[in-house]
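Student: Take this structure, written in structure tokens, and hold onto it; I'll ask about it next.
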Amino acid sequence: MAELLQYLFAGLTSGAIYALAGLGFAIIYNASHVINFAQGEFIMIGGMATATLTAAGIPLPAAILAAMILTMLVGMALEKFAIEPARNADVVTIIIITIGASIFLRGAAQVVWDKEFHALAPFSGETPIRILGATLMPQSLWVFGVSMAAIALLWWFFNRTLFGKAMLATSFNRLAAQLMGIGVKRVLLVSFALSALLGAVGGIVVTPIAFTNYEAGIMLGLKGFSAAVLGGLGNGMGAVVGGLIVGIAEALGAGYVSSAYKDAIAFVIILFVLFFMPNGLFGKKGVDRV
Amino acid sequence: MSKTNSLWTARMGGMALLAAVLALAPLGFANAYYYDVAVGALFNAIICVGLNLLIGYGGQISLGHGAFFALGAYGSAIATSRWGVPSVAAMAASAVLVGLMAFVMARPILRLKGHYLAMATLGIGMIIYIVLKTEAQWTGGPDGMGVDPLSVAGLTLATDRQWYWLSAVLLLLAVWLSLNLVQSPVGRALRAGHGAEIGAQVVGVDTSHYKVLMFVVSAVFASVVGSLFAHKNGFITPDIAGFHRSIELVTMVVLGGMASIFGAVIGAFILTVLPQMLTAFDDYEAMIFGAIMMGTMIFLPKGLLPSLILLIRKRMGGRS
């Protein structure tokens with residue numbers, strides 16, 4: 001029982017990060033039908049910037065704020081200079097562009113920072129909390145709490161603010177939204193900024209647990225994508241549930257089956273979903289246009 | 001009639017040009033290092049010619065071909081060094097196994113489209129990568145394993161020079177095979193599929209059958225080159241199956257020009273030689289590589305060769 005609980009804690013912690021990454025994918029996908037393979041790099045930049053800034057003596061809150069702003073600017077630059085000019089390109093082309101962007105950002109991180117691993121001190125100490133025989137690190141609470149708060153805020157933004165609703169409208173029908181006077185270009189820019197911000201938040205809270213280096217975003221990004229696919233591409237809440245499921249499945253698999261194959265579990269889930277329920281758990285059924 | 005004729009000669013002309021370039025290139029090679037890089041480029045070119053059949057003509061993306069390459073490499077490595085199977089037999093057996101595997105996977109995978117297809121192939125590639133990394137008793141794990149040199153009927157390929165000529169001949173063979181596939185009824189059906197899949201199905205073309213064929217052919221090409229690479233390099237690690245490798249291959253095809261066999265060859269050459277030149281920039285290598293990927297896709301979405309041909313046609317002012 002204590003063992004199971006321990007795995008669940010681990011699963012929910014990493015699952016929260018996958019959920020943020022998956023949600024980031026979903027926001028961009030909704031606004032532009034682009035799968036952003038550089039999503040993991042947002043996580044990396046958020047973590048790296050915070051870790052290096054605090055190491056340079058800047059207080060944590062200021063470092064976090066700076067990291068979030070930096071990541072948002074990177075996201076907006078990506079949209080402006082790489083996605084916007086290729087608006088009408090086909091899927092393969094856009095995939096290559098975002099993969100190129102991810103390689104570029106990793107390269108830039110190597111130049112701006114270095115290839116070393118960077119650590120960040122836990123936000124509120126390292127005294128483990130004991131629950132029913134299992135232990136929980138305070139940082140895990142931070143990860144889970146902050147992620148859920150970010151997700152709740154996002155829900156509020158999309159459902160209760162005018163601009164959020166405009167973004168949703170654009171994702172449903174771009175042309176109609178445009179005709180209603182919604183600035184579709186701005187929606188695109190904001191969607192990249194938002195998902196970069198989500199990535200940064202995830203990177204910042206997870207770095208005290210996992211360390212970070214310039215390559216840390218690759219796996220997190222891919223797992224976020226499997227969360228998004230599992231939930232149904234373009235379904236935000238689906239991505240969140242998908243992320244938690246992937247995280248828990250991974251932790252249980254690593255605990256009970258084989259820790260060496262932990263990283264494979266997310267990909268097995270992707271294949272299973274794609275082969276047997278291609279619309280994911282909550283996705284809409286797609287219709288092909290001839 | 002005359003049109004197909006001129007097209008035919010244009011393609012044969014392309015092959016003759018490629019053969020001439022391959023035959024003359026060594027004149028400019030100052031030392032063994034040049035041969036070494038050239039062999040790497042030829043290897044990639046062969047894979048890309050195969051992959052281009054799938055991406056360019058089949059309209060399907062694969063982010064997992066690095067894994068087929070790695071399976072060929074490990075198949076040869078394990079069979080030759082652990083069981084003493086002759087290299088050529090090991091290479092053939094690996095190719096057959098990889099082909100079978102691709103065949104079994106092809107139908108469920110190719111039913112998917114766009115992002116989903118990219119993700120499924122990526123998933124399979126990653127799983128194979130993780131298996132190669134984990135099953136250390138077979139593969140040596142992350143540390144990799146050594147591989148004996150290639151020997152054919154008692155002759156051992158030792159120098160980069162010999163490898164160059166072998167792979168040059170194989171590239172020509174691969175290009176010739178692909179040109180034939182593209183020009184065959186199969187190829188025409190496939191091109192119809194890429195343009196308007198449902199339209200092609202309506203007029204009775206079994207598009208999925210052809211896509212499966214292209215998937216298998218491209219996987220076998222990658223596997224054979226993987227075997228060759230293992231013997232040439234003498235040492236392999238699971239990284240050859242990694243995500244980065246698969247991306248590199250797709251980028252080569254797309255950079256050179258989708259649906260252009262010679263474009264794929266050019267793309268492979270550029271992206272193999274370029275990093276060698278970029279090592280001078282050391283830390284900036286990845287940034288430059290990524291920027292080139294993005295830049296080509298934004299400004300020349302059709303790829304280098306087709307864009308170049310288009311430019312030349314425009315310059316000629318439609319006289320042809």
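Ordering of the structure tokens sets the chain letters (A, B, ...), residue numbers begin anew at 1 in every chain, and ligands are numbered from 1 in the order given.
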Name the residues in contact with region 272-280 of chain B at a cut-off of 12 Å, using only C-alpha atoms, excluding same-chain residues fewer than 4 positions from it; report them as a PDB file with C-alpha atoms, in the first residue's frame.
Tutor:
ATOM      1  CA  TYR B  33      39.408  11.807 -44.302  1.00  0.00           C
ATOM      2  CA  TYR B  34      37.710  13.007 -47.477  1.00  0.00           C
ATOM      3  CA  TYR B  35      36.906   9.417 -48.392  1.00  0.00           C
ATOM      4  CA  ASP B  36      35.549   8.837 -44.921  1.00  0.00           C
ATOM      5  CA  VAL B  37      33.171  11.821 -45.114  1.00  0.00           C
ATOM      6  CA  ALA B  38      32.193  10.882 -48.667  1.00  0.00           C
ATOM      7  CA  VAL B  39      31.288   7.345 -47.602  1.00  0.00           C
ATOM      8  CA  GLY B  40      29.130   8.788 -44.830  1.00  0.00           C
ATOM      9  CA  ALA B  41      27.415  10.999 -47.391  1.00  0.00           C
ATOM     10  CA  LEU B  42      26.853   8.066 -49.743  1.00  0.00           C
ATOM     11  CA  PHE B  43      25.372   5.983 -46.931  1.00  0.00           C
ATOM     12  CA  ASN B  44      22.956   8.762 -46.059  1.00  0.00           C
ATOM     13  CA  ALA B  45      22.153   9.308 -49.720  1.00  0.00           C
ATOM     14  CA  CYS B  48      17.357   9.135 -48.309  1.00  0.00           C
ATOM     15  CA  ARG B 245      19.178  10.440 -36.370  1.00  0.00           C
ATOM     16  CA  GLU B 248      18.402  14.155 -39.698  1.00  0.00           C
ATOM     17  CA  LEU B 249      17.307  11.694 -42.376  1.00  0.00           C
ATOM     18  CA  THR B 251      15.602  16.751 -43.067  1.00  0.00           C
ATOM     19  CA  MET B 252      17.978  15.564 -45.762  1.00  0.00           C
ATOM     20  CA  VAL B 265      20.932  12.635 -52.870  1.00  0.00           C
ATOM     21  CA  ILE B 266      21.912  16.306 -52.839  1.00  0.00           C
ATOM     22  CA  GLY B 267      20.219  16.873 -49.476  1.00  0.00           C
ATOM     23  CA  ALA B 268      22.093  13.910 -47.991  1.00  0.00           C
ATOM     24  CA  TYR B 284      27.483  27.216 -32.768  1.00  0.00           C
ATOM     25  CA  GLU B 285      27.106  24.028 -34.807  1.00  0.00           C
ATOM     26  CA  ALA B 286      23.649  23.062 -33.521  1.00  0.00           C
ATOM     27  CA  MET B 287      22.359  26.624 -33.862  1.00  0.00           C
ATOM     28  CA  ILE B 288      23.496  26.897 -37.459  1.00  0.00           C
ATOM     29  CA  PHE B 289      22.102  23.461 -38.279  1.00  0.00           C
ATOM     30  CA  GLY B 290      18.717  24.347 -36.800  1.00  0.00           C
ATOM     31  CA  ILE B 292      19.397  26.060 -41.899  1.00  0.00           C
TER      32      ILE B 292
END
Student: Considering only C-alpha atoms, tabulate each residue of chain A that lies at most 6 Å from chain B along with its nearest interatomic pair and the corresponding distance in Å to one decimal; arrange the rows by chain and ascending residue number and present them as CSV.
Tutor:
residue,atom,partner,partner_atom,distance
A:Ala86,CA,B:Ile298,CA,5.4
A:Ile97,CA,B:Met294,CA,4.7
A:Gly100,CA,B:Gly290,CA,4.3
A:Ala101,CA,B:Gly290,CA,5.9
A:Ile103,CA,B:Gly290,CA,5.1
A:Phe104,CA,B:Met287,CA,4.3
A:Gly107,CA,B:Met287,CA,4.6
A:Ala108,CA,B:Met287,CA,5.9
A:Ala264,CA,B:Ile127,CA,5.5
A:Phe267,CA,B:Gly123,CA,4.8
A:Leu271,CA,B:Ala120,CA,5.7
Student: Write the residues of the selection above to a file with N, CA and C atoms, as a short mmCIF file (atom, residue, chain, number, x, y, z; two decimals), in the first residue's frame.
Tutor:
data_model
loop_
_atom_site.label_atom_id
_atom_site.label_comp_id
_atom_site.auth_asym_id
_atom_site.auth_seq_id
_atom_site.Cartn_x
_atom_site.Cartn_y
_atom_site.Cartn_z
N ALA A 86 5.56 30.72 -42.71
CA ALA A 86 5.28 29.46 -43.39
C ALA A 86 3.82 29.07 -43.22
N ILE A 97 10.10 22.52 -39.53
CA ILE A 97 10.43 23.86 -39.02
C ILE A 97 10.50 23.85 -37.49
N GLY A 100 13.49 22.00 -36.39
CA GLY A 100 14.65 22.87 -36.59
C GLY A 100 14.75 23.88 -35.47
N ALA A 101 13.60 24.43 -35.08
CA ALA A 101 13.58 25.41 -34.00
C ALA A 101 14.06 24.79 -32.70
N ILE A 103 16.13 22.27 -32.34
CA ILE A 103 17.58 22.09 -32.42
C ILE A 103 18.29 23.43 -32.22
N PHE A 104 17.73 24.47 -32.85
CA PHE A 104 18.29 25.81 -32.74
C PHE A 104 18.30 26.27 -31.27
N GLY A 107 20.82 24.44 -29.28
CA GLY A 107 22.15 24.96 -29.61
C GLY A 107 22.38 26.29 -28.92
N ALA A 108 21.36 27.15 -28.92
CA ALA A 108 21.48 28.46 -28.30
C ALA A 108 21.71 28.31 -26.79
N ALA A 264 9.97 4.08 -22.12
CA ALA A 264 9.28 3.50 -23.28
C ALA A 264 7.77 3.55 -23.09
N PHE A 267 5.64 5.98 -25.00
CA PHE A 267 5.55 5.72 -26.43
C PHE A 267 4.66 4.53 -26.73
N LEU A 271 1.36 4.61 -29.21
CA LEU A 271 1.05 3.65 -30.27
C LEU A 271 -0.31 3.01 -30.03
#
Student: From the options B:Ala23, B:Leu110, B:Ala95, B:Val88, which residue's atoms come nearest to Phe215 (chain B), counting only C-alpha atoms?
Tutor: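 Going through B:Ala23, B:Leu110, B:Ala95, B:Val88 one by one, the smallest distance to Phe215 (chain B) is for B:Leu110.
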Student: Could you tell me how far CA of Gly164 (chain A) sits from CA of Gly181 (chain A), in Å to one decimal place?
Tutor: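 That distance, rounded to one decimal, is 14.3 Å.
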Student: May I have the residues within 9 Å of region 168-184 of chain B as a PDB file with C-alpha atoms, in the first residue's frame, using only C-alpha atoms and disregarding those fewer than 6 positions away in the same chain?
Tutor:
ATOM      1  CA  ARG B  11      16.248  10.869 -65.834  1.00  0.00           C
ATOM      2  CA  MET B  12      18.894   8.723 -67.480  1.00  0.00           C
ATOM      3  CA  MET B  15      21.911   9.094 -63.519  1.00  0.00           C
ATOM      4  CA  LEU B  18      25.517  11.310 -60.862  1.00  0.00           C
ATOM      5  CA  ALA B  19      27.763   8.444 -62.013  1.00  0.00           C
ATOM      6  CA  LEU B  22      30.846   9.945 -58.207  1.00  0.00           C
ATOM      7  CA  ALA B  23      33.624   8.720 -60.505  1.00  0.00           C
ATOM      8  CA  VAL B  39      31.288   7.345 -47.602  1.00  0.00           C
ATOM      9  CA  LEU B  42      26.853   8.066 -49.743  1.00  0.00           C
ATOM     10  CA  PHE B  43      25.372   5.983 -46.931  1.00  0.00           C
ATOM     11  CA  ALA B  45      22.153   9.308 -49.720  1.00  0.00           C
ATOM     12  CA  ILE B  46      21.115   5.673 -50.147  1.00  0.00           C
ATOM     13  CA  ILE B  47      18.808   5.839 -47.121  1.00  0.00           C
ATOM     14  CA  VAL B  49      16.642   7.819 -51.787  1.00  0.00           C
ATOM     15  CA  GLY B  50      14.565   5.116 -50.106  1.00  0.00           C
ATOM     16  CA  LEU B  53       9.982   7.204 -51.960  1.00  0.00           C
ATOM     17  CA  TYR B  57       6.033  10.036 -53.472  1.00  0.00           C
ATOM     18  CA  LEU B 190       1.433   6.446 -55.633  1.00  0.00           C
ATOM     19  CA  ARG B 191       1.855   9.928 -57.009  1.00  0.00           C
ATOM     20  CA  PHE B 221      17.315   0.457 -47.720  1.00  0.00           C
ATOM     21  CA  ILE B 261      15.300  11.389 -56.156  1.00  0.00           C
ATOM     22  CA  PHE B 262      18.363  13.411 -57.077  1.00  0.00           C
ATOM     23  CA  VAL B 265      20.932  12.635 -52.870  1.00  0.00           C
TER      24      VAL B 265
END
Student: Would you please extract all helix (DSSP H, G or I) residues from region 11-238 of chain B, as assigned by DSSP on the backbone, and give them as a PyMOL selection string?
Tutor: chain B and resi 11-28+32-57+65-83+87-110+114-134+136-139+141-143+160-183+185-195+197-202+207-233+238
Student: Mind checking which residues fall within 10 Å of region 135-145 of chain A, counting only C-alpha atoms, ignoring those fewer than 4 positions away in the same chain, and posting them as number ranges by chain?
Tutor: A: 2-3, 5-6, 9-10, 12-17, 121-131, 149-151, 201-209
Student: Can you tell me which residues surround Leu222 (chain A) at a distance of at most 9 Å, considering only C-alpha atoms, apart from same-chain residues fewer than 5 positions away, and format the answer as a PDB file with C-alpha atoms, in the first residue's frame?
Tutor:
ATOM      1  CA  TYR A  18       3.514  16.271 -18.813  1.00  0.00           C
ATOM      2  CA  ALA A  21       3.545  20.299 -21.770  1.00  0.00           C
ATOM      3  CA  PHE A  37       8.176  20.083 -31.436  1.00  0.00           C
ATOM      4  CA  GLN A  39       7.547  22.646 -26.665  1.00  0.00           C
ATOM      5  CA  GLY A  40      10.078  20.725 -24.581  1.00  0.00           C
ATOM      6  CA  GLY A 217      13.471  19.322 -22.920  1.00  0.00           C
ATOM      7  CA  ALA A 227      -0.234  13.245 -23.181  1.00  0.00           C
ATOM      8  CA  ALA A 266       4.803   6.884 -22.896  1.00  0.00           C
ATOM      9  CA  PHE A 267       5.554   5.723 -26.433  1.00  0.00           C
TER      10      PHE A 267
END
Student: Leaving out region 71-79 of chain A and any residue of its chain fewer than 2 positions from it, which residues lie within 6 Å of it when counting only C-alpha atoms, given as number ranges by chain?
Tutor: A: 68-69, 81-84, 189, 192-193, 196-197
Student: Mind checking which residues fall within 6 Å of Ile64 (chain A), counting only C-alpha atoms, ignoring those fewer than 3 positions away in the same chain, and posting them as a PyMOL selection string?
Tutor: chain A and resi 50+61+67
Student: Of the residues A:Ile27, A:Ala66, A:Leu220, A:Leu132, which is the one nearest to Met1 (chain A), using only C-alpha atoms?
Tutor: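 The answer is A:Leu132, which sits nearest to Met1 (chain A).
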Student: Interatomic distance between CA of Met48 (chain A) and CA of Thr212 (chain A)?
Tutor: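 CA of Met48 (chain A) sits 6.4 Å away from CA of Thr212 (chain A).
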